[in-house]
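Enquirer: Enclosed is the structure file my_file30.cif (mmCIF, C-alpha atoms and all ligand atoms).
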```cif
data_my_file
#
loop_
_atom_site.label_atom_id
_atom_site.label_comp_id
_atom_site.auth_asym_id
_atom_site.auth_seq_id
_atom_site.Cartn_x
_atom_site.Cartn_y
_atom_site.Cartn_z
CA MET A 1 25.70 40.85 -144.71
CA TYR A 2 25.52 38.55 -141.71
CA PHE A 3 23.30 40.74 -139.61
CA ASN A 4 19.80 41.26 -140.89
CA LYS A 5 16.28 41.26 -139.61
CA ASN A 6 16.55 37.60 -138.66
CA ASN A 7 19.40 37.90 -136.24
CA ASN A 8 19.54 41.39 -134.87
CA PHE A 9 20.10 40.28 -131.31
CA PHE A 10 23.26 39.43 -129.41
CA HIS A 11 24.25 35.78 -129.52
CA GLY A 12 27.11 33.35 -129.70
CA ILE A 13 28.59 31.78 -132.81
CA MET A 14 29.04 28.06 -132.36
CA PHE A 15 32.00 26.23 -133.83
CA HIS A 16 32.81 22.54 -133.79
CA HIS A 17 35.07 21.01 -136.43
CA PHE A 18 38.01 22.34 -138.42
CA HIS A 19 40.09 20.54 -140.99
CA ASP A 20 43.66 20.85 -142.26
CA ASP A 21 45.97 18.80 -144.49
CA GLY A 22 46.93 16.50 -141.63
CA ILE A 23 45.04 14.36 -139.16
CA HIS A 24 41.96 16.58 -139.11
CA THR A 25 40.20 15.39 -142.21
CA LYS A 26 37.46 17.28 -143.92
CA GLY A 27 34.00 16.18 -142.85
CA GLN A 28 30.39 17.19 -142.39
CA GLY A 29 30.36 20.88 -141.58
CA SER A 30 34.09 21.26 -141.02
CA ILE A 31 35.90 24.39 -142.18
CA ASP A 32 39.56 25.20 -142.77
CA LYS A 33 41.68 28.12 -141.66
CA ASP A 34 40.80 30.26 -144.68
CA ASP A 35 37.08 29.66 -144.24
CA PHE A 36 37.48 30.73 -140.63
CA TYR A 37 39.13 34.03 -141.62
CA LYS A 38 36.39 34.63 -144.18
CA MET A 39 33.71 34.00 -141.63
CA ILE A 40 35.20 36.41 -139.10
CA ASN A 41 35.41 39.07 -141.80
CA PHE A 42 31.84 38.44 -142.83
CA ILE A 43 30.51 38.75 -139.27
CA GLY A 44 32.67 41.84 -138.88
CA ARG A 45 35.64 41.86 -136.52
CA ASN A 46 34.14 44.81 -134.63
CA ASN A 47 31.01 42.84 -133.79
CA ILE A 48 33.02 40.08 -132.13
CA LEU A 49 33.64 40.64 -128.44
CA ASP A 50 36.22 38.90 -126.28
CA ALA A 51 34.53 36.27 -124.14
CA ASP A 52 35.24 38.07 -120.86
CA ILE A 53 33.85 41.34 -122.22
CA PHE A 54 30.78 39.57 -123.60
CA PHE A 55 30.22 38.03 -120.16
CA GLU A 56 30.66 41.32 -118.29
CA LYS A 57 28.38 43.20 -120.66
CA PHE A 58 25.83 40.42 -120.49
CA LYS A 59 25.76 40.58 -116.70
CA ASN A 60 25.29 44.33 -116.80
CA ASN A 61 22.66 44.26 -119.53
CA LYS A 62 24.93 46.22 -121.82
CA LEU A 63 25.15 43.91 -124.83
CA LYS A 64 24.13 45.54 -128.09
CA GLU A 65 22.09 43.99 -130.90
CA LYS A 66 24.92 43.03 -133.18
CA GLU A 67 27.43 41.89 -130.63
CA VAL A 68 28.53 38.27 -130.69
CA CYS A 69 31.15 36.04 -129.14
CA LEU A 70 32.82 32.95 -130.57
CA THR A 71 32.29 29.63 -128.82
CA PHE A 72 33.93 26.24 -129.34
CA ASP A 73 32.29 23.06 -128.06
CA ASP A 74 33.34 19.49 -127.37
CA SER A 75 37.05 19.65 -126.43
CA ILE A 76 38.17 18.71 -129.93
CA LYS A 77 41.81 19.01 -130.83
CA CYS A 78 41.28 20.49 -134.30
CA GLN A 79 40.16 23.69 -132.55
CA ILE A 80 43.59 23.96 -130.93
CA ASP A 81 45.45 23.01 -134.10
CA VAL A 82 43.49 25.04 -136.65
CA ALA A 83 41.35 27.72 -134.97
CA LEU A 84 43.49 28.82 -132.03
CA PRO A 85 46.36 30.25 -134.12
CA VAL A 86 43.82 32.39 -136.01
CA LEU A 87 42.17 33.54 -132.78
CA GLU A 88 45.54 34.48 -131.35
CA GLU A 89 46.59 36.32 -134.48
CA LEU A 90 43.39 38.34 -134.56
CA LYS A 91 43.40 38.70 -130.77
CA ILE A 92 39.93 37.25 -130.25
CA LYS A 93 39.40 35.61 -126.86
CA SER A 94 36.68 32.99 -126.99
CA PHE A 95 34.65 30.52 -124.97
CA PHE A 96 35.67 26.87 -124.97
CA PHE A 97 32.99 24.56 -123.58
CA VAL A 98 34.52 21.23 -122.68
CA PHE A 99 33.18 17.88 -121.61
CA THR A 100 35.52 16.33 -119.12
CA SER A 101 35.40 12.52 -119.26
CA ILE A 102 38.34 12.76 -121.69
CA PHE A 103 40.55 14.08 -118.87
CA GLU A 104 39.91 10.95 -116.82
CA GLY A 105 41.25 8.69 -119.53
CA LYS A 106 37.74 7.55 -120.38
CA PRO A 107 36.85 9.61 -123.39
CA ASP A 108 33.46 9.47 -124.95
CA ASN A 109 33.63 7.84 -128.35
CA LEU A 110 31.84 10.70 -130.11
CA GLU A 111 34.90 11.97 -132.00
CA ILE A 112 36.24 8.51 -132.68
CA PHE A 113 32.92 7.59 -134.25
CA ARG A 114 32.88 10.77 -136.26
CA TYR A 115 36.41 10.19 -137.51
CA PHE A 116 35.44 6.66 -138.45
CA ARG A 117 32.29 7.81 -140.26
CA MET A 118 34.25 10.40 -142.24
CA ASN A 119 37.24 8.31 -143.18
CA TYR A 120 36.11 4.74 -143.64
CA PHE A 121 33.20 5.30 -146.02
CA ASN A 122 32.83 6.99 -149.38
CA ASN A 123 30.08 9.19 -148.06
CA VAL A 124 27.92 9.54 -145.02
CA ASP A 125 24.92 7.77 -146.55
CA GLU A 126 27.08 4.71 -147.13
CA PHE A 127 27.89 4.81 -143.43
CA TYR A 128 24.21 5.11 -142.46
CA ASN A 129 23.29 2.12 -144.61
CA SER A 130 26.08 0.04 -143.20
CA PHE A 131 25.04 1.04 -139.66
CA TYR A 132 21.43 -0.05 -140.26
CA GLN A 133 22.66 -3.34 -141.67
CA VAL A 134 24.76 -4.11 -138.62
CA LEU A 135 21.96 -2.96 -136.31
CA ASP A 136 19.53 -5.27 -138.08
CA LYS A 137 16.28 -3.81 -136.67
CA ASP A 138 13.03 -2.98 -138.39
CA LEU A 139 12.94 0.82 -138.26
CA LYS A 140 9.98 1.39 -140.56
CA THR A 141 7.40 2.06 -137.85
CA PHE A 142 9.83 4.15 -135.83
CA PHE A 143 10.49 6.42 -138.82
CA GLN A 144 6.77 6.65 -139.59
CA ASP A 145 5.98 7.63 -136.01
CA SER A 146 8.80 10.17 -136.06
CA ASN A 147 7.62 11.92 -139.19
CA ASP A 148 6.52 15.15 -137.46
CA LYS A 149 9.69 15.28 -135.44
CA ILE A 150 11.82 14.81 -138.56
CA LYS A 151 10.03 17.67 -140.31
CA ALA A 152 10.33 19.96 -137.29
CA THR A 153 14.04 19.20 -136.93
CA LYS A 154 14.65 19.93 -140.60
CA ILE A 155 13.12 23.38 -140.13
CA LYS A 156 15.23 24.06 -137.06
CA PHE A 157 18.50 22.71 -138.48
CA SER A 158 18.25 23.17 -142.21
CA TYR A 159 21.89 22.11 -142.70
CA TYR A 160 21.05 18.53 -141.68
CA SER A 161 19.87 16.19 -144.42
CA ILE A 162 16.81 14.02 -143.75
CA GLU A 163 19.13 11.02 -143.48
CA ASP A 164 21.26 12.86 -140.89
CA ILE A 165 18.14 13.56 -138.84
CA LYS A 166 16.87 9.98 -139.07
CA PHE A 167 20.23 8.63 -137.97
CA ARG A 168 20.33 10.97 -134.98
CA LEU A 169 16.84 9.89 -133.95
CA VAL A 170 17.84 6.24 -134.09
CA ARG A 171 20.98 6.99 -132.11
CA ASP A 172 19.39 9.22 -129.48
CA ILE A 173 15.87 7.86 -129.10
CA PHE A 174 15.42 4.42 -130.63
CA LEU A 175 18.62 3.00 -129.13
CA THR A 176 20.09 3.19 -125.67
CA LYS A 177 23.56 4.67 -125.48
CA SER A 178 25.12 1.28 -124.84
CA HIS A 179 23.27 -0.37 -127.70
CA TYR A 180 24.42 2.40 -130.03
CA GLU A 181 28.02 2.09 -128.86
CA GLU A 182 27.99 -1.69 -129.18
CA THR A 183 26.80 -1.39 -132.75
CA MET A 184 29.45 1.17 -133.60
CA LEU A 185 32.22 -0.85 -131.97
CA LEU A 186 31.16 -3.84 -134.05
CA MET A 187 31.54 -1.72 -137.16
CA LEU A 188 34.94 -0.44 -136.06
CA LYS A 189 36.09 -3.99 -135.54
CA GLU A 190 34.79 -5.07 -138.91
CA LYS A 191 36.86 -2.35 -140.58
CA GLN A 192 39.83 -3.00 -138.31
CA PHE A 193 39.96 0.60 -137.13
CA ASN A 194 42.34 0.76 -134.19
CA TYR A 195 40.68 3.69 -132.50
CA LYS A 196 42.69 3.78 -129.27
CA ASP A 197 45.57 5.47 -131.10
CA PHE A 198 43.35 8.37 -131.97
CA PHE A 199 42.21 9.75 -128.62
CA LYS A 200 45.25 11.99 -128.17
CA LYS A 201 45.08 13.33 -131.69
CA LEU A 202 41.38 14.07 -131.65
CA TYR A 203 40.75 15.38 -128.13
CA PHE A 204 42.13 18.10 -125.84
CA GLN A 205 44.71 17.09 -123.32
CA LYS A 206 44.93 18.78 -119.91
CA ASP A 207 47.76 20.97 -121.22
CA ASP A 208 45.50 22.36 -123.91
CA LEU A 209 43.01 23.49 -121.31
CA ILE A 210 45.73 25.14 -119.24
CA ARG A 211 47.08 26.87 -122.32
CA LEU A 212 43.68 28.21 -123.35
CA ASP A 213 43.14 29.57 -119.88
CA SER A 214 46.55 31.20 -119.68
CA LEU A 215 45.96 32.88 -123.05
CA GLY A 216 42.79 34.50 -121.67
CA HIS A 217 40.16 32.30 -123.28
CA LEU A 218 37.31 31.24 -121.02
CA VAL A 219 36.83 27.55 -120.35
CA GLY A 220 33.30 26.52 -119.43
CA LEU A 221 31.10 23.51 -118.76
CA HIS A 222 29.66 21.12 -121.33
CA SER A 223 28.81 18.15 -119.03
CA HIS A 224 31.08 15.24 -118.09
CA ASN A 225 30.10 12.49 -120.53
CA HIS A 226 28.39 14.58 -123.22
CA PRO A 227 25.08 12.68 -123.29
CA THR A 228 23.32 13.33 -126.58
CA LEU A 229 20.00 13.81 -124.78
CA LEU A 230 20.72 15.15 -121.32
CA GLU A 231 17.05 15.89 -120.65
CA LYS A 232 16.40 12.14 -120.57
CA LEU A 233 18.55 11.85 -117.43
CA ASN A 234 17.00 12.26 -114.00
CA TYR A 235 17.92 15.05 -111.59
CA ASP A 236 20.72 13.20 -109.83
CA GLU A 237 22.27 11.97 -113.06
CA GLN A 238 22.23 15.48 -114.51
CA LYS A 239 23.69 16.89 -111.33
CA ASP A 240 26.48 14.36 -111.50
CA GLU A 241 27.22 15.35 -115.11
CA TYR A 242 27.71 19.03 -114.29
CA LYS A 243 29.28 18.66 -110.84
CA LYS A 244 31.98 16.37 -112.19
CA CYS A 245 32.58 18.66 -115.13
CA LEU A 246 32.98 21.70 -112.89
CA SER A 247 35.28 19.89 -110.43
CA LEU A 248 37.58 18.62 -113.16
CA ILE A 249 37.90 21.98 -114.90
CA SER A 250 38.53 23.70 -111.60
CA ASN A 251 41.18 21.08 -110.70
CA ILE A 252 42.98 21.18 -114.02
CA LEU A 253 43.03 24.97 -114.16
CA ASP A 254 43.80 25.25 -110.46
CA LYS A 255 41.02 27.77 -110.05
CA PRO A 256 38.20 27.99 -107.50
CA LYS A 257 34.93 26.57 -108.77
CA ASN A 258 33.13 29.86 -108.36
CA GLU A 259 35.31 31.46 -111.04
CA ILE A 260 33.82 29.20 -113.71
CA LYS A 261 30.45 30.67 -114.56
CA TYR A 262 29.59 29.76 -118.14
CA MET A 263 28.42 26.71 -120.03
CA SER A 264 26.76 25.43 -123.16
CA HIS A 265 24.14 22.68 -123.27
CA PRO A 266 25.43 19.51 -124.99
CA CYS A 267 23.33 18.98 -128.13
CA GLY A 268 21.13 21.81 -126.84
CA SER A 269 19.42 19.42 -124.46
CA TYR A 270 18.13 20.61 -121.08
CA ASN A 271 15.02 20.85 -118.90
CA LYS A 272 13.90 22.52 -115.67
CA ASP A 273 16.13 20.25 -113.57
CA THR A 274 19.14 21.36 -115.58
CA PHE A 275 18.40 25.01 -114.80
CA GLU A 276 18.12 24.31 -111.10
CA ILE A 277 21.41 22.41 -111.08
CA LEU A 278 23.29 25.04 -113.06
CA LYS A 279 22.02 27.84 -110.80
CA GLU A 280 23.14 25.87 -107.77
CA LEU A 281 26.59 25.47 -109.28
CA GLY A 282 26.84 29.23 -109.76
CA ILE A 283 26.57 29.31 -113.54
CA GLU A 284 25.65 32.78 -114.80
CA LEU A 285 25.61 32.35 -118.58
CA GLY A 286 24.45 29.36 -120.64
CA PHE A 287 24.25 28.93 -124.39
CA LYS A 288 21.78 26.99 -126.52
CA GLU A 289 22.64 25.50 -129.89
CA SER A 290 20.09 27.30 -132.04
CA MET A 291 18.69 30.67 -133.02
CA THR A 292 15.05 29.72 -132.57
CA ILE A 293 12.44 30.21 -129.89
CA GLU A 294 11.34 26.79 -128.67
CA PRO A 295 7.86 27.07 -127.14
CA GLU A 296 7.94 23.38 -126.16
CA LYS A 297 10.77 24.30 -123.81
CA GLY A 298 8.76 27.16 -122.35
CA MET A 299 10.66 29.84 -124.26
CA LYS A 300 8.74 33.06 -124.84
CA LYS A 301 11.42 35.02 -126.64
CA ILE A 302 14.92 34.76 -128.02
CA ASN A 303 17.61 34.75 -125.28
CA ASN A 304 14.75 33.76 -122.99
CA SER A 305 16.84 33.47 -119.82
CA PHE A 306 20.50 33.66 -118.82
CA LEU A 307 20.75 29.93 -119.49
CA GLU A 308 19.14 30.11 -122.94
CA ILE A 309 21.33 32.44 -124.98
CA ALA A 310 21.08 31.77 -128.71
CA ARG A 311 23.95 30.58 -130.85
CA GLN A 312 24.30 30.49 -134.60
CA ASP A 313 25.90 27.37 -136.00
CA HIS A 314 28.89 28.28 -138.13
CA ALA A 315 27.46 26.09 -140.91
CA GLU A 316 24.55 28.52 -141.28
CA ILE A 317 26.90 31.48 -141.69
CA PHE A 318 29.00 29.52 -144.14
CA LYS A 319 25.89 28.86 -146.19
CA ILE A 320 25.09 32.58 -146.38
CA ILE A 321 28.65 33.37 -147.46
CA MET A 322 28.57 30.74 -150.18
CA ASN A 323 25.28 31.92 -151.64
ZN ZN B 401 28.73 19.22 -127.72
#
```
Let me see the file written as structure tokens.

Expert:
Amino acid sequence: MYFNKNNNFFHGIMFHHFHDDGIHTKGQGSIDKDDFYKMINFIGRNNILDADIFFEKFKNNKLKEKEVCLTFDDSIKCQIDVALPVLEELKIKSFFFVFTSIFEGKPDNLEIFRYFRMNYFNNVDEFYNSFYQVLDKDLKTFFQDSNDKIKATKIKFSYYSIEDIKFRLVRDIFLTKSHYEETMLLMLKEKQFNYKDFFKKLYFQKDDLIRLDSLGHLVGLHSHNHPTLLEKLNYDEQKDEYKKCLSLISNILDKPKNEIKYMSHPCGSYNKDTFEILKELGIELGFKESMTIEPEKGMKKINNSFLEIARQDHAEIFKIIMN
């Protein structure tokens, strides 16, 4: 049973990566078409609401305990290739939260780096080791100082290994974004990975967005550049992230901006400024990336505010099914 005493409240289910026999290779946390069917069955088809219904009920305070919606983050093509046919077959309309730099021909390298990590190393730890070698920095003190944070993160995201968490800390906190990217690009070069060919295969194109919209799925905001730690940005930088994202979606879909009212926080990162900005932009529903109450963010309860709706990572559900 998916629903139990730990998650008897409405929430979203968060999906990222899917794999198939083609370009979308199996990687950390990815699922295939059959896994996706299984998961929907396990949650219970009747508990899954169409995105527009979920939104309407949410606004009218009518959502029931066990009602969920499906959400897809990060504008990644495998969702179109693997998940969308299943959604269409089962007639489930979902939320797609997209970051928009990819539609300006300047995609973030997030997916390229992931593809590289998954396909050019025997396992992810081999990648981490190789990354630290190229980086060539003494990380001992940093890891020691981060000990509490590592432990806390492991509790919150049990599906991450300690090495996954350490790597993310180095990427998001120890390094600046440009230093991280430089290091990765060095590694790509070393392995002669010609990543420019991959953008189209790994990311949504404008047509994908238009198709999703015309099928009745709801496209929402997920920032412009997908910073891994948005809360580190100042007010103006954050505002720029979401304003650009909203403008581009509204342009591509040829829809007024005030019809786009939903979002999810990239990497679950936000602060008070973010809330102010999102309210100003007319956002009426925002999703987090976890099922926990975070007191350090001022949360007092689950689904604390309309911009802090919980989501269960699909990996957690998969773990329950497998046990
Ligand atoms: Zn994301």

Enquirer: Could you give me, as a list in words, every polymer residue with an atom at most 6 Å away from an atom of ligand ZN 401 (chain B), counting only C-alpha atoms and all ligand atoms?

Expert: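 With only C-alpha atoms and all ligand atoms and a cut-off of 6 Å, ligand ZN 401 (chain B) is contacted by Asp73, Asp74, Pro266 and Cys267 of chain A.
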
Enquirer: If we count only C-alpha atoms, what is near Asn251 in chain A at a cut-off of 12 Å, once residues fewer than 6 positions away on the same chain are taken out, given as an MDAnalysis selection string?

Expert: chainID A and resid 100 103:104 206 209:210 244:245 257 259:260

Enquirer: Can you write just those residues out, C-alpha atoms, as a short mmCIF file (atom, residue, chain, number, x, y, z; two decimals), in the coordinates of the input?

Expert:
```cif
data_model
loop_
_atom_site.label_atom_id
_atom_site.label_comp_id
_atom_site.auth_asym_id
_atom_site.auth_seq_id
_atom_site.Cartn_x
_atom_site.Cartn_y
_atom_site.Cartn_z
CA THR A 100 35.52 16.33 -119.12
CA PHE A 103 40.55 14.08 -118.87
CA GLU A 104 39.91 10.95 -116.82
CA LYS A 206 44.93 18.78 -119.91
CA LEU A 209 43.01 23.49 -121.31
CA ILE A 210 45.73 25.14 -119.24
CA LYS A 244 31.98 16.37 -112.19
CA CYS A 245 32.58 18.66 -115.13
CA LYS A 257 34.93 26.57 -108.77
CA GLU A 259 35.31 31.46 -111.04
CA ILE A 260 33.82 29.20 -113.71
#
```

Enquirer: Do a neighbour search on Lys91 in chain A at 12 Å with all atoms listed in the file, toss out local chain neighbours closer than 6 positions, and write the hits as a compact mmCIF listing (two decimals) with C-alpha atoms, keeping the file's coordinate frame.

Expert:
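Saved result, result.txt, follows:
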```
# COMPACT_ATOMS: atom_id res chain seq x y z
CA ILE A 40 35.20 36.41 -139.10
CA ARG A 45 35.64 41.86 -136.52
CA ASN A 46 34.14 44.81 -134.63
CA ILE A 48 33.02 40.08 -132.13
CA LEU A 49 33.64 40.64 -128.44
CA ASP A 50 36.22 38.90 -126.28
CA ALA A 51 34.53 36.27 -124.14
CA ALA A 83 41.35 27.72 -134.97
CA LEU A 84 43.49 28.82 -132.03
CA PRO A 85 46.36 30.25 -134.12
CA LEU A 215 45.96 32.88 -123.05
CA GLY A 216 42.79 34.50 -121.67
CA HIS A 217 40.16 32.30 -123.28
```

Enquirer: Please determine the residues with any atom at most 12 Å from (16.3, 7.5, -125.8) (coordinates as given in the file, with all atoms listed in the file counting) and report them as a PyMOL selection string.

Expert: chain A and resi 168-180+227-233

Enquirer: Have a look at CA of Phe99 in chain A and CA of Asn225 in chain A and let me know their distance in Å, one decimal.

Expert: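 Taking CA of Phe99 in chain A and CA of Asn225 in chain A, their separation equals 6.3 Å.
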
Enquirer: Find, counting all atoms listed in the file, the residue in A:Ile277, A:Leu221, A:Ala152, A:Leu248 that gets nearest to Asp236 in chain A.

Expert: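 Among A:Ile277, A:Leu221, A:Ala152, A:Leu248, it is A:Ile277 that comes nearest to Asp236 in chain A.
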
Enquirer: Which polymer residues have any atom within 12 Å of an atom of Tyr160 in chain A, counting all atoms listed in the file, with same-chain residues fewer than 6 positions away left out, as a PDB file with C-alpha atoms, in the coordinates of the input?

Expert:
```pdb
ATOM      1  CA  GLN A  28      30.390  17.190-142.390  1.00  0.00           C
ATOM      2  CA  GLY A  29      30.360  20.880-141.580  1.00  0.00           C
ATOM      3  CA  VAL A 124      27.920   9.540-145.020  1.00  0.00           C
ATOM      4  CA  ILE A 150      11.820  14.810-138.560  1.00  0.00           C
ATOM      5  CA  LYS A 151      10.030  17.670-140.310  1.00  0.00           C
ATOM      6  CA  ALA A 152      10.330  19.960-137.290  1.00  0.00           C
ATOM      7  CA  THR A 153      14.040  19.200-136.930  1.00  0.00           C
ATOM      8  CA  LYS A 154      14.650  19.930-140.600  1.00  0.00           C
ATOM      9  CA  LYS A 166      16.870   9.980-139.070  1.00  0.00           C
ATOM     10  CA  PHE A 167      20.230   8.630-137.970  1.00  0.00           C
ATOM     11  CA  ARG A 168      20.330  10.970-134.980  1.00  0.00           C
ATOM     12  CA  ASP A 313      25.900  27.370-136.000  1.00  0.00           C
ATOM     13  CA  ALA A 315      27.460  26.090-140.910  1.00  0.00           C
ATOM     14  CA  GLU A 316      24.550  28.520-141.280  1.00  0.00           C
TER      15      GLU A 316
END
```

Enquirer: Report the centre and edge lengths, in Å to one decimal, of an axis-aligned box enclosing every atom of range 110-122 of chain A listed in the file, padded by 8 Å on each side, as AutoDock Vina command-line options.

Expert:
```
--center_x 34.5 --center_y 8.4 --center_z -139.7 --size_x 21.4 --size_y 23.2 --size_z 35.3
```

Enquirer: What is the CA of His265 in chain A to CA of Glu308 in chain A distance in Å?

Expert: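 These atoms are spaced 9.0 Å apart.
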
Enquirer: In Å, how far is it from CA of Asn271 in chain A to CA of Lys297 in chain A?

Expert: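 According to the coordinates, CA of Asn271 in chain A and CA of Lys297 in chain A are separated by 7.4 Å.
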
Enquirer: Compute the distance from (28.1, 28.2, -117.1) to each atom, counting all atoms listed in the file, keep the residues with any atom at most 10 Å away, and return them as a list in words; use the coordinates of the file.

Expert: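 Within 10 Å of (28.1, 28.2, -117.1), the protein and nucleic acid residues are Phe97, Val219, Gly220, Leu221, His222, Tyr242, Leu246, Glu259, Ile260, Lys261, Tyr262, Met263, Ser264, His265, Leu278, Lys279, Leu281, Gly282, Ile283, Glu284, Leu285, Gly286, Phe287, Phe306 and Leu307 of chain A.
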
Enquirer: Suppose we keep C-alpha atoms; can you now write the selection as a short mmCIF file (atom, residue, chain, number, x, y, z; two decimals), in the coordinates of the input?

Expert:
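The resulting file, out-v3.cif, is reproduced below:
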```cif
data_model
loop_
_atom_site.label_atom_id
_atom_site.label_comp_id
_atom_site.auth_asym_id
_atom_site.auth_seq_id
_atom_site.Cartn_x
_atom_site.Cartn_y
_atom_site.Cartn_z
CA PHE A 97 32.99 24.56 -123.58
CA VAL A 219 36.83 27.55 -120.35
CA GLY A 220 33.30 26.52 -119.43
CA LEU A 221 31.10 23.51 -118.76
CA HIS A 222 29.66 21.12 -121.33
CA TYR A 242 27.71 19.03 -114.29
CA LEU A 246 32.98 21.70 -112.89
CA GLU A 259 35.31 31.46 -111.04
CA ILE A 260 33.82 29.20 -113.71
CA LYS A 261 30.45 30.67 -114.56
CA TYR A 262 29.59 29.76 -118.14
CA MET A 263 28.42 26.71 -120.03
CA SER A 264 26.76 25.43 -123.16
CA HIS A 265 24.14 22.68 -123.27
CA LEU A 278 23.29 25.04 -113.06
CA LYS A 279 22.02 27.84 -110.80
CA LEU A 281 26.59 25.47 -109.28
CA GLY A 282 26.84 29.23 -109.76
CA ILE A 283 26.57 29.31 -113.54
CA GLU A 284 25.65 32.78 -114.80
CA LEU A 285 25.61 32.35 -118.58
CA GLY A 286 24.45 29.36 -120.64
CA PHE A 287 24.25 28.93 -124.39
CA PHE A 306 20.50 33.66 -118.82
CA LEU A 307 20.75 29.93 -119.49
#
```

Enquirer: Hey, what's within 6 Å of Arg311 in chain A if we count all atoms listed in the file and toss same-chain stuff fewer than 2 positions away? As a VMD selection string, please?

Expert: chain A and resid 11 to 14 289 to 291

Enquirer: Here is a test: counting only C-alpha atoms, which residue of A:Asp81, A:Asp138, A:Glu88, A:Asp52 is nearest to Phe204 in chain A?

Expert: A:Asp81

Enquirer: Determine the nearest neighbour of Asn304 in chain A from the options A:Thr292, A:Thr25, A:Asn234, A:Ser269, counting only C-alpha atoms.

Expert: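 Among A:Thr292, A:Thr25, A:Asn234, A:Ser269, it is A:Thr292 that comes nearest to Asn304 in chain A.
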
Enquirer: Write out as a compact mmCIF listing (two decimals) with C-alpha atoms, in the frame of the given file each polymer residue whose atoms come within 12 Å of Val86 in chain A, counting only C-alpha atoms; drop sequence neighbours fewer than 2 positions from it.

Expert:
```txt
# COMPACT_ATOMS: atom_id res chain seq x y z
CA PHE A 18 38.01 22.34 -138.42
CA ASP A 32 39.56 25.20 -142.77
CA LYS A 33 41.68 28.12 -141.66
CA ASP A 34 40.80 30.26 -144.68
CA ASP A 35 37.08 29.66 -144.24
CA PHE A 36 37.48 30.73 -140.63
CA TYR A 37 39.13 34.03 -141.62
CA LYS A 38 36.39 34.63 -144.18
CA MET A 39 33.71 34.00 -141.63
CA ILE A 40 35.20 36.41 -139.10
CA GLN A 79 40.16 23.69 -132.55
CA ILE A 80 43.59 23.96 -130.93
CA ASP A 81 45.45 23.01 -134.10
CA VAL A 82 43.49 25.04 -136.65
CA ALA A 83 41.35 27.72 -134.97
CA LEU A 84 43.49 28.82 -132.03
CA GLU A 88 45.54 34.48 -131.35
CA GLU A 89 46.59 36.32 -134.48
CA LEU A 90 43.39 38.34 -134.56
CA LYS A 91 43.40 38.70 -130.77
CA ILE A 92 39.93 37.25 -130.25
CA LYS A 93 39.40 35.61 -126.86
CA SER A 94 36.68 32.99 -126.99
```

Enquirer: Just checking: using all atoms listed in the file, which residue out of A:Gly22, A:Gly27, A:Gly268, A:Pro295 ends up closest to Glu111 in chain A?

Expert: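 Under the stated criterion, the closest residue is A:Gly27.
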
Enquirer: Pick out the closest residue to Lys26 in chain A from this set: A:Lys77, A:Met118, A:Gln205, A:Lys255. Count only C-alpha atoms.

Expert: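 Using only C-alpha atoms, Lys26 in chain A sits closest to A:Met118.
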